[in-house]
Amino acid sequence: MAFKRRPADFAMSDDPVDLYRILALNNRGPEAVWGHQQDVLRDWHRGMSDEPDVAIELPTGAGKTLVGGLIAEFQRRKSGERVAYVCPTRQLARQTAAAFYDYGIPNVLLINKVATWNQADRNRYVGGEAIAVTVYSHVFNSNPAIDDAAMLILDDAHAAEGYVASPWSLSISRKTEPDAYKDVLSAVRTAVDPLVYTRLSTPDADGSQSSYVYLASPIGIAEQAALLEQVVATASRADKLSTSATHAWKLLQGRLDRCQVYLSYGEILIRPLIPPTGHHQAFSGAARRIYMSATLGDGGELERAFGRRKKIARIPVPKGWEKQGTGRRFFLFPELTSDMASAPGQLPDFVAGVIAGTSRAVALTPDTRTAKQFKARYTPVGRTVLEAADVEDDLKVFTDRDKALLVLTNRYDGIDLPGDHCRLVVLDGLPARGDLQERFLHESLGATEVLQERIRARIVQGAGRATRNNRDWAAVMVLGQALTSYLSGPDHQAALHPEVHAEVEFGRRNSLGTSSAEMLDNLRVFQEHGQEWADVDGDIVTAREEYTRTTAPSAAELQNAARHEVDAWNAIWNGQWEWALTAVQRVLDKLAGARTPQRYAALWNYLGYSLAERLTQETGDQAYKDTAARYYRDLQRRGQTSNFLAHLVAPSDQAHAPTLGVLDPVDEAAMRGIASHTDLHRADHFEAALNKTRAGLAGTEYRAYEAGLVSLGTFAGASRSYGNDDDAEPAAPDTVWIFDDTRWITWEAKSEASTTGEVGPDNVRQAQAHLRYTETERQESAPSGSIALLMSPKPKVLPAARMLAEDYVYLVRPSTVLEILDRLARAWRTARGRTISTLPVSTLAEIFQAEEALPSQWLPLLQASQLKQQAS
């Protein structure tokens with residue numbers, strides 16, 4: 001008899017946990033679901049199975065694939081729905097399909113080109129008889145092949161922003177599409193700073209500017225939209241665009257005026273700030289979406305990445321996994337060792353030697369330039385170098401080869417290298433160089449807060465590529481000043497999972513002051529993984545239990561703003577300009593909290609200004625003009641130290657920009673502060689305070705010096721200037737100057753230090769932690785451009801100290817402090833001669849300007865010596 005009977009897999013169970021008991025009778029998987037997996041499955045089944053969007057956080061090694069597979073299979077059996085399990089790469093999709101086969105979960109692998117798909121397999125998915133295991137590009141596509149799933153399980157969701165945004169991201173490369181690049185650049189000329197246009201038009205790039213990213217004026221793009229549309233359409237018809245750009249054009253045509261246009265010397269990117277996934281039926285049409293992630297943040301990153309206006313419901317890390325991770329990583333910071341910190345020329349031979357001592361190593365880099373430099377500098381002689389394309393379909397090309405080096409670009413997920421497949425991971429460079437939008441936010445705008453979740457997830461996931469189970473272990477070598485400094489920051493460490501926090505701090509402690517020979521000896525002990533390592537591994541375990549992961553500053557404000565950001569861009573995408581302007585104001589209302597990321601708020605003020613100007617031109621309503629002026633003033637105030645503001649002189653912006661007062665916001669705040677310090681308006685108080693301040697700052701005794709800094713802040717016009725006391729925490733700054741919401745300045749004063757020797761890494765780490773300490777203490781974020789100062793008479797800086805220093809940390813000499821005091825004293829005496837309390841702010845500013853005593857005039861003195869740039 002050839003008839004087929006109803007398959008047994010339609011047997012139903014009460015919940016996903018019970019379902020596995022049925023599957024385990026005949027499958028090749030584990031005998032039972034682990035306890036923490038059961039907790040997550042029941043949390044979903046009992047309370048969230050009807051939620052349209054649910055995120056599940058499960059660390060690597062905690063069985064994320066089985067949890068996602070059981071949810072998918074339970075839903076398929078319960079309702080006969082089409083379910084797709086979506087992976088970032090083909091390699092990971094194959095791995096997932098193989099795991100489902102072992103678990104007894106019916107599935108079909110739908111990857112590669114659609115024309116090559118097995119039609120019987122596709123029909124099994126369509127008929128609800130098997131789960132489709134596929135990749136993001138088959139869902140997020142101008143012509144999606146998986147467009148009818150009732151449930152989407154989205155794996156590695158924390159790393160999906162690029163995949164999700166790709167259908168709306170039109171990238172034009174100067175190298176491979178030179179004609180299209182030139183034509184588009186010409187079309188947006190009036191939307192770009194004339195100096196920038198000249199720089200991008202020249203045949204030879206200025207090395208210092210070749211990688212810088214600029215944002216074209218939204219007003220200018222709107223004014224040139226018709227021309228820009230014509231240029232892109234012509235390039236598409238003439239096959240002058242890449243295949244991916246041609247596909248993106250299908251979704252962007254008619255809406256280029258609703259996109260951001262980012263420009264660099266090598267590329268132009270046209271895309272919306274937030275992908276309009278609500279218009280993408282393949283994604284938004286699903287009744288349920290499950291976001292599987294190893295690292296979920298608290299600042300709305302997931303909602304922005306997937307364009308979800310409602311906060312995604314979360315099932316948190318199960319009990320027992322809050323502190324414990326998977327496997328063991330030994331972090332190496334070779335650039336902090338005593339010999340290579342002072343002689344960086346030794347680094348290539350050291351790194352190449354470590355790689356040569358392993359069978360296989362994987363290097364993760366943020367961009368193609370870093371990858372190219374890595375291969376040139378660090379590849380051992382005779383080592384086979386592989387790239388992402390070589391292992392996309394089969395990792396065995398790497399894992400079956402001895403003496404192989406796998407170099408990946410912006411690929412921190414989707415590669416599993418357990419056991420002896422790989423024992424060394426190299427992280428080269430801070431992972432914040434994705435597409436041009438990400439680079440703009442991080443480097444040009446300086447809105448690092450909005451990318452913190454993304455950066456942290458990439459570091460954690462990248463470091464864990466070779467530790468995939470509890471008994472696994474691998475060394476992780478950290479290269480590059482930016483990444484080394486990032487992982488040395490106490491605030492960044494505290495935001496990591498406690499296990500990784502303990503590992504990073506252990507590695508940093510055993511790199512600082514250690515010779516490269518000692519580091520190699522420590523690496524040998526780790527690689528032998530015997531009793532000698534077990535004795536020190538307990539230090540990591542102990543520290544892990546002491547640490548608690550902290551929420552990053554400004555996370556609450558960013559999370560609350562996310563839904564309105566999505567609303568704003570949906571309205572922009574629909575051409576609903578008034579509703580978009582309303583949503584922008586709601587974004588800024590949520591970003592107005594105490595911990596607001598100022599530079600990110602500046603970008604939204606720029607968008608608000610642009611929308612209001614657009615409405616002014618369309619309606620002629622003067623009220624919109626006034627609104628535009630208000631946003632423009634706030635833009636200048638909040639983003640005054642952001643590099644991107646220096647380029648807001650595009651002809652289109654200049655034609656509409658309102659006339660603003662000439663007084664710098666921090667100068668204005670200082671003048672208001674000086675007017676409010678009425679005690680110093682009296683002659684007896686003024687002279688006594690000035691003499692005491694000068695005596696303290698001319699000496700070295702630390703109490704008197706710190707008191708002098710507090711008093712100097714008052715003379716400088718700080719609205720609040722204060723210090724710590726002898727009982728203060730060691731992490732507390734010696735002095736803090738607050739200039740309202742325009743600028744903070746924190747001080748670490750080493751007045752009693754000798755005038756010989758070198759500034760060490762502990763001093764630097766202490767100084768640069770002060771801004772974060774003050775944020776925590778005041779429960780608000782530091783304004784844009786705030787700085788941390790280390791005052792020391794030591795003439796030199798240790799190389800390891802430079803490696804740890806972040807951009808906002810500066811070295812100040814005692815003589816500079818006294819020079820600022822002298823300027824302020826002269827200005828105060830002149831102002832007091834005219835009765836300060838009666839002077840308007842503008843007049844007071846003129847007096848202080850004449851003595852070079854405005855903050856905008858003495859701040860350059862304090863910022864003349866960026867610590868990371870100091871010579872040893």
# chains A, B, ... in the order shown; residues from 1 in each chain; ligands from 1
call {"tool": "closest_atom_pairs", "arguments": {"of": "segment 681-795 of chain A", "to": "segment 590-610 of chain A", "cutoff": "12 Å", "atoms": "only C-alpha atoms", "output": "tab-separated table"}}
result
residue	atom	partner	partner_atom	distance
A:Asp740	CA	A:Ala594	CA	11.9
A:Asp741	CA	A:Gln598	CA	9.6
A:Thr742	CA	A:Gln598	CA	9.6
A:Arg743	CA	A:Gln598	CA	10.8
A:Arg772	CA	A:Arg595	CA	11.1
A:Thr774	CA	A:Arg595	CA	11.3
A:Glu775	CA	A:Arg595	CA	7.7
A:Thr776	CA	A:Arg595	CA	9.4
A:Glu777	CA	A:Arg595	CA	11.5
A:Arg778	CA	A:Ala594	CA	8.5
A:Gln779	CA	A:Ala594	CA	6.4
A:Glu780	CA	A:Arg595	CA	3.8
A:Ser781	CA	A:Arg595	CA	3.8
A:Ala782	CA	A:Arg595	CA	7.4
A:Pro783	CA	A:Gln598	CA	6.0
A:Ser784	CA	A:Gln598	CA	5.6
A:Gly785	CA	A:Arg599	CA	9.3
A:Ser786	CA	A:Gln598	CA	10.7
call {"tool": "residues_around", "arguments": {"residues": "segment 86-93 of chain A", "least_positions_apart": "2", "cutoff": "9 Å", "atoms": "only C-alpha atoms", "output": "PyMOL selection string"}}
result
chain A and resi 84+95-98+109-112+132-139+152-157+159-160+163+391-395+413-416
call {"tool": "residues_around", "arguments": {"residues": "Trp573 of chain A", "least_positions_apart": "2", "cutoff": "9 Å", "atoms": "only C-alpha atoms", "output": "number ranges by chain"}}
result
A: 255, 258-259, 272, 276, 568-571, 575-576
call {"tool": "closest_residue", "arguments": {"among": "A:Leu789, A:Ala233, A:Ala466, A:Leu256", "to": "Leu771 of chain A", "atoms": "only C-alpha atoms"}}
result
A:Leu789
call {"tool": "atom_distance", "arguments": {"atom1": "atom CA of Ala115 of chain A", "atom2": "atom CA of Phe140 of chain A"}}
result
17.4 Å
call {"tool": "residues_around", "arguments": {"residues": "Ser342 of chain A", "least_positions_apart": "3", "cutoff": "7 Å", "atoms": "only C-alpha atoms", "output": "number ranges by chain"}}
result
A: 338-339, 799
call {"tool": "select_by_dssp", "arguments": {"residues": "segment 129-216 of chain A", "states": "helix (DSSP H, G or I)", "output": "PDB file with N, CA and C atoms, in the first residue's frame"}}
result
ATOM      1  N   TYR A 136      18.685  35.954   7.350  1.00  0.00           N
ATOM      2  CA  TYR A 136      18.022  37.256   7.404  1.00  0.00           C
ATOM      3  C   TYR A 136      17.759  37.820   6.010  1.00  0.00           C
ATOM      4  N   SER A 137      18.675  37.581   5.083  1.00  0.00           N
ATOM      5  CA  SER A 137      18.525  38.190   3.764  1.00  0.00           C
ATOM      6  C   SER A 137      17.338  37.650   2.988  1.00  0.00           C
ATOM      7  N   HIS A 138      16.778  36.516   3.397  1.00  0.00           N
ATOM      8  CA  HIS A 138      15.593  36.005   2.724  1.00  0.00           C
ATOM      9  C   HIS A 138      14.296  36.550   3.335  1.00  0.00           C
ATOM     10  N   ALA A 157      19.772  38.231  17.568  1.00  0.00           N
ATOM     11  CA  ALA A 157      19.080  39.488  17.273  1.00  0.00           C
ATOM     12  C   ALA A 157      19.908  40.708  17.659  1.00  0.00           C
ATOM     13  N   HIS A 158      20.787  40.556  18.644  1.00  0.00           N
ATOM     14  CA  HIS A 158      21.603  41.690  19.078  1.00  0.00           C
ATOM     15  C   HIS A 158      22.570  42.150  17.986  1.00  0.00           C
ATOM     16  N   ALA A 159      22.802  41.300  16.985  1.00  0.00           N
ATOM     17  CA  ALA A 159      23.760  41.636  15.930  1.00  0.00           C
ATOM     18  C   ALA A 159      23.085  41.833  14.579  1.00  0.00           C
ATOM     19  N   GLU A 161      21.227  44.475  13.270  1.00  0.00           N
ATOM     20  CA  GLU A 161      20.876  45.791  12.732  1.00  0.00           C
ATOM     21  C   GLU A 161      21.267  45.938  11.273  1.00  0.00           C
ATOM     22  N   GLY A 162      22.447  45.487  10.918  1.00  0.00           N
ATOM     23  CA  GLY A 162      22.891  45.605   9.534  1.00  0.00           C
ATOM     24  C   GLY A 162      22.056  44.788   8.575  1.00  0.00           C
ATOM     25  N   TYR A 163      21.675  43.567   8.983  1.00  0.00           N
ATOM     26  CA  TYR A 163      20.840  42.712   8.133  1.00  0.00           C
ATOM     27  C   TYR A 163      19.451  43.326   7.960  1.00  0.00           C
ATOM     28  N   VAL A 164      18.904  43.866   9.043  1.00  0.00           N
ATOM     29  CA  VAL A 164      17.550  44.420   8.997  1.00  0.00           C
ATOM     30  C   VAL A 164      17.506  45.666   8.127  1.00  0.00           C
ATOM     31  N   ALA A 165      18.519  46.510   8.252  1.00  0.00           N
ATOM     32  CA  ALA A 165      18.516  47.780   7.509  1.00  0.00           C
ATOM     33  C   ALA A 165      18.931  47.621   6.057  1.00  0.00           C
ATOM     34  N   SER A 166      19.508  46.493   5.695  1.00  0.00           N
ATOM     35  CA  SER A 166      20.094  46.350   4.358  1.00  0.00           C
ATOM     36  C   SER A 166      19.121  46.605   3.198  1.00  0.00           C
ATOM     37  N   PRO A 167      17.822  46.224   3.273  1.00  0.00           N
ATOM     38  CA  PRO A 167      16.945  46.497   2.123  1.00  0.00           C
ATOM     39  C   PRO A 167      16.761  47.985   1.835  1.00  0.00           C
ATOM     40  N   TRP A 168      16.998  48.830   2.848  1.00  0.00           N
ATOM     41  CA  TRP A 168      16.823  50.274   2.685  1.00  0.00           C
ATOM     42  C   TRP A 168      18.160  51.008   2.701  1.00  0.00           C
ATOM     43  N   PRO A 178      32.601  54.308  -9.446  1.00  0.00           N
ATOM     44  CA  PRO A 178      33.127  55.684  -9.419  1.00  0.00           C
ATOM     45  C   PRO A 178      32.227  56.702 -10.106  1.00  0.00           C
ATOM     46  N   ASP A 179      31.602  56.328 -11.213  1.00  0.00           N
ATOM     47  CA  ASP A 179      30.734  57.281 -11.920  1.00  0.00           C
ATOM     48  C   ASP A 179      29.512  57.627 -11.077  1.00  0.00           C
ATOM     49  N   ALA A 180      28.883  56.613 -10.503  1.00  0.00           N
ATOM     50  CA  ALA A 180      27.702  56.858  -9.665  1.00  0.00           C
ATOM     51  C   ALA A 180      28.080  57.690  -8.447  1.00  0.00           C
ATOM     52  N   TYR A 181      29.249  57.421  -7.851  1.00  0.00           N
ATOM     53  CA  TYR A 181      29.701  58.198  -6.693  1.00  0.00           C
ATOM     54  C   TYR A 181      29.820  59.679  -7.052  1.00  0.00           C
ATOM     55  N   LYS A 182      30.484  59.966  -8.149  1.00  0.00           N
ATOM     56  CA  LYS A 182      30.678  61.360  -8.549  1.00  0.00           C
ATOM     57  C   LYS A 182      29.356  62.043  -8.873  1.00  0.00           C
ATOM     58  N   ASP A 183      28.457  61.321  -9.549  1.00  0.00           N
ATOM     59  CA  ASP A 183      27.177  61.918  -9.939  1.00  0.00           C
ATOM     60  C   ASP A 183      26.319  62.237  -8.706  1.00  0.00           C
ATOM     61  N   VAL A 184      26.274  61.312  -7.753  1.00  0.00           N
ATOM     62  CA  VAL A 184      25.480  61.540  -6.536  1.00  0.00           C
ATOM     63  C   VAL A 184      26.104  62.660  -5.712  1.00  0.00           C
ATOM     64  N   LEU A 185      27.434  62.655  -5.587  1.00  0.00           N
ATOM     65  CA  LEU A 185      28.098  63.723  -4.834  1.00  0.00           C
ATOM     66  C   LEU A 185      27.776  65.084  -5.445  1.00  0.00           C
ATOM     67  N   SER A 186      27.783  65.167  -6.752  1.00  0.00           N
ATOM     68  CA  SER A 186      27.457  66.428  -7.419  1.00  0.00           C
ATOM     69  C   SER A 186      26.008  66.832  -7.168  1.00  0.00           C
ATOM     70  N   ALA A 187      25.106  65.856  -7.139  1.00  0.00           N
ATOM     71  CA  ALA A 187      23.684  66.154  -6.944  1.00  0.00           C
ATOM     72  C   ALA A 187      23.396  66.706  -5.557  1.00  0.00           C
ATOM     73  N   ARG A 189      25.501  68.566  -3.759  1.00  0.00           N
ATOM     74  CA  ARG A 189      26.531  69.573  -3.472  1.00  0.00           C
ATOM     75  C   ARG A 189      26.038  70.662  -2.517  1.00  0.00           C
ATOM     76  N   THR A 190      24.836  71.167  -2.732  1.00  0.00           N
ATOM     77  CA  THR A 190      24.351  72.261  -1.884  1.00  0.00           C
ATOM     78  C   THR A 190      23.970  71.790  -0.489  1.00  0.00           C
ATOM     79  N   ALA A 191      23.950  70.481  -0.269  1.00  0.00           N
ATOM     80  CA  ALA A 191      23.619  69.927   1.045  1.00  0.00           C
ATOM     81  C   ALA A 191      24.871  69.605   1.858  1.00  0.00           C
ATOM     82  N   PRO A 194      30.897  73.368   1.716  1.00  0.00           N
ATOM     83  CA  PRO A 194      31.724  73.527   0.515  1.00  0.00           C
ATOM     84  C   PRO A 194      33.139  72.962   0.671  1.00  0.00           C
ATOM     85  N   LEU A 195      33.721  73.102   1.873  1.00  0.00           N
ATOM     86  CA  LEU A 195      35.055  72.547   2.090  1.00  0.00           C
ATOM     87  C   LEU A 195      35.024  71.018   2.036  1.00  0.00           C
ATOM     88  N   VAL A 196      33.963  70.446   2.558  1.00  0.00           N
ATOM     89  CA  VAL A 196      33.812  68.994   2.519  1.00  0.00           C
ATOM     90  C   VAL A 196      33.632  68.533   1.081  1.00  0.00           C
ATOM     91  N   TYR A 197      32.830  69.256   0.326  1.00  0.00           N
ATOM     92  CA  TYR A 197      32.614  68.886  -1.076  1.00  0.00           C
ATOM     93  C   TYR A 197      33.939  68.892  -1.845  1.00  0.00           C
ATOM     94  N   THR A 198      34.740  69.923  -1.608  1.00  0.00           N
ATOM     95  CA  THR A 198      36.047  69.984  -2.273  1.00  0.00           C
ATOM     96  C   THR A 198      36.923  68.815  -1.864  1.00  0.00           C
ATOM     97  N   ARG A 199      36.894  68.502  -0.580  1.00  0.00           N
ATOM     98  CA  ARG A 199      37.715  67.402  -0.065  1.00  0.00           C
ATOM     99  C   ARG A 199      37.291  66.068  -0.671  1.00  0.00           C
ATOM    100  N   LEU A 200      35.973  65.842  -0.807  1.00  0.00           N
ATOM    101  CA  LEU A 200      35.481  64.582  -1.349  1.00  0.00           C
ATOM    102  C   LEU A 200      35.626  64.508  -2.864  1.00  0.00           C
ATOM    103  N   SER A 201      35.744  65.648  -3.497  1.00  0.00           N
ATOM    104  CA  SER A 201      35.848  65.674  -4.960  1.00  0.00           C
ATOM    105  C   SER A 201      37.269  65.465  -5.451  1.00  0.00           C
TER     106      SER A 201
END
call {"tool": "residues_around", "arguments": {"residues": "Arg563 of chain A", "least_positions_apart": "6", "cutoff": "12 Å", "atoms": "only C-alpha atoms", "output": "PyMOL selection string"}}
result
chain A and resi 274+299-312+557+569-570+583-584+586-588+590
call {"tool": "write_last_selection", "arguments": {"atoms": "N, CA, C and O atoms", "output": "mmCIF file, in the first residue's frame"}}
result
data_model
loop_
_atom_site.group_PDB
_atom_site.id
_atom_site.type_symbol
_atom_site.label_atom_id
_atom_site.label_comp_id
_atom_site.auth_asym_id
_atom_site.auth_seq_id
_atom_site.Cartn_x
_atom_site.Cartn_y
_atom_site.Cartn_z
ATOM 1 N N ILE A 274 16.196 54.938 11.016
ATOM 2 C CA ILE A 274 15.615 53.714 11.578
ATOM 3 C C ILE A 274 14.884 53.000 10.451
ATOM 4 O O ILE A 274 14.063 53.602 9.756
ATOM 5 N N GLY A 299 18.923 49.994 26.596
ATOM 6 C CA GLY A 299 18.771 51.327 26.038
ATOM 7 C C GLY A 299 17.983 51.416 24.752
ATOM 8 O O GLY A 299 18.123 52.385 24.011
ATOM 9 N N GLY A 300 17.140 50.418 24.463
ATOM 10 C CA GLY A 300 16.289 50.494 23.282
ATOM 11 C C GLY A 300 16.960 50.110 21.985
ATOM 12 O O GLY A 300 16.398 50.319 20.901
ATOM 13 N N GLU A 301 18.155 49.510 22.042
ATOM 14 C CA GLU A 301 18.866 49.136 20.823
ATOM 15 C C GLU A 301 18.064 48.146 19.991
ATOM 16 O O GLU A 301 18.007 48.254 18.764
ATOM 17 N N LEU A 302 17.425 47.176 20.638
ATOM 18 C CA LEU A 302 16.669 46.158 19.912
ATOM 19 C C LEU A 302 15.481 46.789 19.183
ATOM 20 O O LEU A 302 15.194 46.460 18.022
ATOM 21 N N GLU A 303 14.789 47.703 19.850
ATOM 22 C CA GLU A 303 13.629 48.357 19.230
ATOM 23 C C GLU A 303 14.051 49.215 18.040
ATOM 24 O O GLU A 303 13.378 49.233 17.007
ATOM 25 N N ARG A 304 15.165 49.927 18.172
ATOM 26 C CA ARG A 304 15.646 50.743 17.035
ATOM 27 C C ARG A 304 16.058 49.855 15.873
ATOM 28 O O ARG A 304 15.755 50.138 14.716
ATOM 29 N N ALA A 305 16.789 48.794 16.181
ATOM 30 C CA ALA A 305 17.316 47.941 15.120
ATOM 31 C C ALA A 305 16.204 47.315 14.301
ATOM 32 O O ALA A 305 16.318 47.192 13.075
ATOM 33 N N PHE A 306 15.113 46.907 14.960
ATOM 34 C CA PHE A 306 14.022 46.218 14.266
ATOM 35 C C PHE A 306 12.827 47.135 13.989
ATOM 36 O O PHE A 306 11.809 46.682 13.459
ATOM 37 N N GLY A 307 12.943 48.417 14.342
ATOM 38 C CA GLY A 307 11.876 49.370 14.040
ATOM 39 C C GLY A 307 10.571 49.076 14.765
ATOM 40 O O GLY A 307 9.493 49.294 14.198
ATOM 41 N N ARG A 308 10.649 48.641 16.017
ATOM 42 C CA ARG A 308 9.443 48.310 16.793
ATOM 43 C C ARG A 308 9.135 49.461 17.742
ATOM 44 O O ARG A 308 9.947 49.811 18.602
ATOM 45 N N ARG A 309 7.947 50.051 17.601
ATOM 46 C CA ARG A 309 7.607 51.213 18.413
ATOM 47 C C ARG A 309 7.262 50.827 19.846
ATOM 48 O O ARG A 309 7.514 51.579 20.788
ATOM 49 N N LYS A 310 6.682 49.662 20.037
ATOM 50 C CA LYS A 310 6.342 49.215 21.384
ATOM 51 C C LYS A 310 7.525 48.492 21.989
ATOM 52 O O LYS A 310 8.217 47.727 21.307
ATOM 53 N N LYS A 311 7.782 48.712 23.279
ATOM 54 C CA LYS A 311 8.893 48.041 23.930
ATOM 55 C C LYS A 311 8.717 46.529 23.839
ATOM 56 O O LYS A 311 7.661 45.986 24.140
ATOM 57 N N ILE A 312 9.756 45.861 23.395
ATOM 58 C CA ILE A 312 9.714 44.416 23.226
ATOM 59 C C ILE A 312 9.742 43.742 24.591
ATOM 60 O O ILE A 312 10.607 44.043 25.426
ATOM 61 N N GLU A 557 16.759 56.799 29.601
ATOM 62 C CA GLU A 557 16.316 57.837 28.670
ATOM 63 C C GLU A 557 16.281 57.310 27.236
ATOM 64 O O GLU A 557 15.333 57.581 26.483
ATOM 65 N N TRP A 569 10.298 58.273 12.581
ATOM 66 C CA TRP A 569 10.778 57.872 11.263
ATOM 67 C C TRP A 569 9.688 57.215 10.426
ATOM 68 O O TRP A 569 9.700 57.330 9.206
ATOM 69 N N ASN A 570 8.745 56.564 11.071
ATOM 70 C CA ASN A 570 7.595 56.055 10.310
ATOM 71 C C ASN A 570 6.821 57.215 9.686
ATOM 72 O O ASN A 570 6.377 57.143 8.526
ATOM 73 N N ALA A 583 6.483 63.890 16.896
ATOM 74 C CA ALA A 583 7.214 62.735 17.433
ATOM 75 C C ALA A 583 8.642 63.123 17.808
ATOM 76 O O ALA A 583 9.180 62.640 18.816
ATOM 77 N N VAL A 584 9.272 63.989 17.008
ATOM 78 C CA VAL A 584 10.623 64.451 17.337
ATOM 79 C C VAL A 584 10.624 65.160 18.686
ATOM 80 O O VAL A 584 11.531 64.973 19.504
ATOM 81 N N ARG A 586 8.631 64.606 21.129
ATOM 82 C CA ARG A 586 8.496 63.585 22.167
ATOM 83 C C ARG A 586 9.811 62.859 22.407
ATOM 84 O O ARG A 586 10.134 62.494 23.546
ATOM 85 N N VAL A 587 10.565 62.651 21.335
ATOM 86 C CA VAL A 587 11.909 62.065 21.502
ATOM 87 C C VAL A 587 12.739 62.957 22.414
ATOM 88 O O VAL A 587 13.357 62.494 23.386
ATOM 89 N N LEU A 588 12.739 64.254 22.118
ATOM 90 C CA LEU A 588 13.553 65.181 22.894
ATOM 91 C C LEU A 588 13.045 65.335 24.318
ATOM 92 O O LEU A 588 13.822 65.548 25.252
ATOM 93 N N LYS A 590 11.848 62.897 26.048
ATOM 94 C CA LYS A 590 12.378 61.716 26.754
ATOM 95 C C LYS A 590 13.889 61.814 26.929
ATOM 96 O O LYS A 590 14.442 61.246 27.876
#
call {"tool": "residues_around", "arguments": {"residues": "segment 38-44 of chain A", "least_positions_apart": "2", "cutoff": "8 Å", "atoms": "only C-alpha atoms", "output": "PyMOL selection string"}}
result
chain A and resi 15-17+33-36+46-49+56+67+71+315+318
call {"tool": "residues_around", "arguments": {"residues": "Pro334 of chain A", "least_positions_apart": "3", "cutoff": "8 Å", "atoms": "only C-alpha atoms", "output": "NGL selection string"}}
result
:A and (337 or 340-341 or 347 or 477-479 or 511 or 516 or 519)
call {"tool": "write_last_selection", "arguments": {"atoms": "N, CA and C atoms", "output": "mmCIF file, in the first residue's frame"}}
result
data_model
loop_
_atom_site.group_PDB
_atom_site.id
_atom_site.type_symbol
_atom_site.label_atom_id
_atom_site.label_comp_id
_atom_site.auth_asym_id
_atom_site.auth_seq_id
_atom_site.Cartn_x
_atom_site.Cartn_y
_atom_site.Cartn_z
ATOM 1 N N THR A 337 52.083 45.718 28.299
ATOM 2 C CA THR A 337 53.254 45.124 28.944
ATOM 3 C C THR A 337 54.371 46.147 29.050
ATOM 4 N N MET A 340 56.586 46.295 25.597
ATOM 5 C CA MET A 340 55.929 46.703 24.351
ATOM 6 C C MET A 340 55.203 48.020 24.483
ATOM 7 N N ALA A 341 54.829 48.425 25.700
ATOM 8 C CA ALA A 341 54.214 49.741 25.874
ATOM 9 C C ALA A 341 55.200 50.845 25.517
ATOM 10 N N LEU A 347 55.641 44.795 18.845
ATOM 11 C CA LEU A 347 54.330 44.153 18.875
ATOM 12 C C LEU A 347 54.104 43.184 17.709
ATOM 13 N N MET A 477 43.340 37.847 22.702
ATOM 14 C CA MET A 477 44.340 38.903 22.646
ATOM 15 C C MET A 477 43.685 40.190 22.154
ATOM 16 N N VAL A 478 43.884 41.268 22.910
ATOM 17 C CA VAL A 478 43.264 42.563 22.631
ATOM 18 C C VAL A 478 44.302 43.503 22.041
ATOM 19 N N LEU A 479 44.005 44.074 20.860
ATOM 20 C CA LEU A 479 44.933 44.966 20.184
ATOM 21 C C LEU A 479 44.254 46.302 19.864
ATOM 22 N N SER A 511 48.599 42.077 32.723
ATOM 23 C CA SER A 511 49.314 42.632 31.575
ATOM 24 C C SER A 511 50.096 43.874 31.982
ATOM 25 N N SER A 516 56.750 41.016 28.309
ATOM 26 C CA SER A 516 56.188 40.140 27.282
ATOM 27 C C SER A 516 56.593 38.689 27.526
ATOM 28 N N MET A 519 54.263 37.388 30.064
ATOM 29 C CA MET A 519 52.955 37.158 29.466
ATOM 30 C C MET A 519 52.936 35.834 28.717
#
call {"tool": "atom_distance", "arguments": {"atom1": "atom CA of Asp664 of chain A", "atom2": "atom CA of Ala623 of chain A"}}
result
26.1 Å
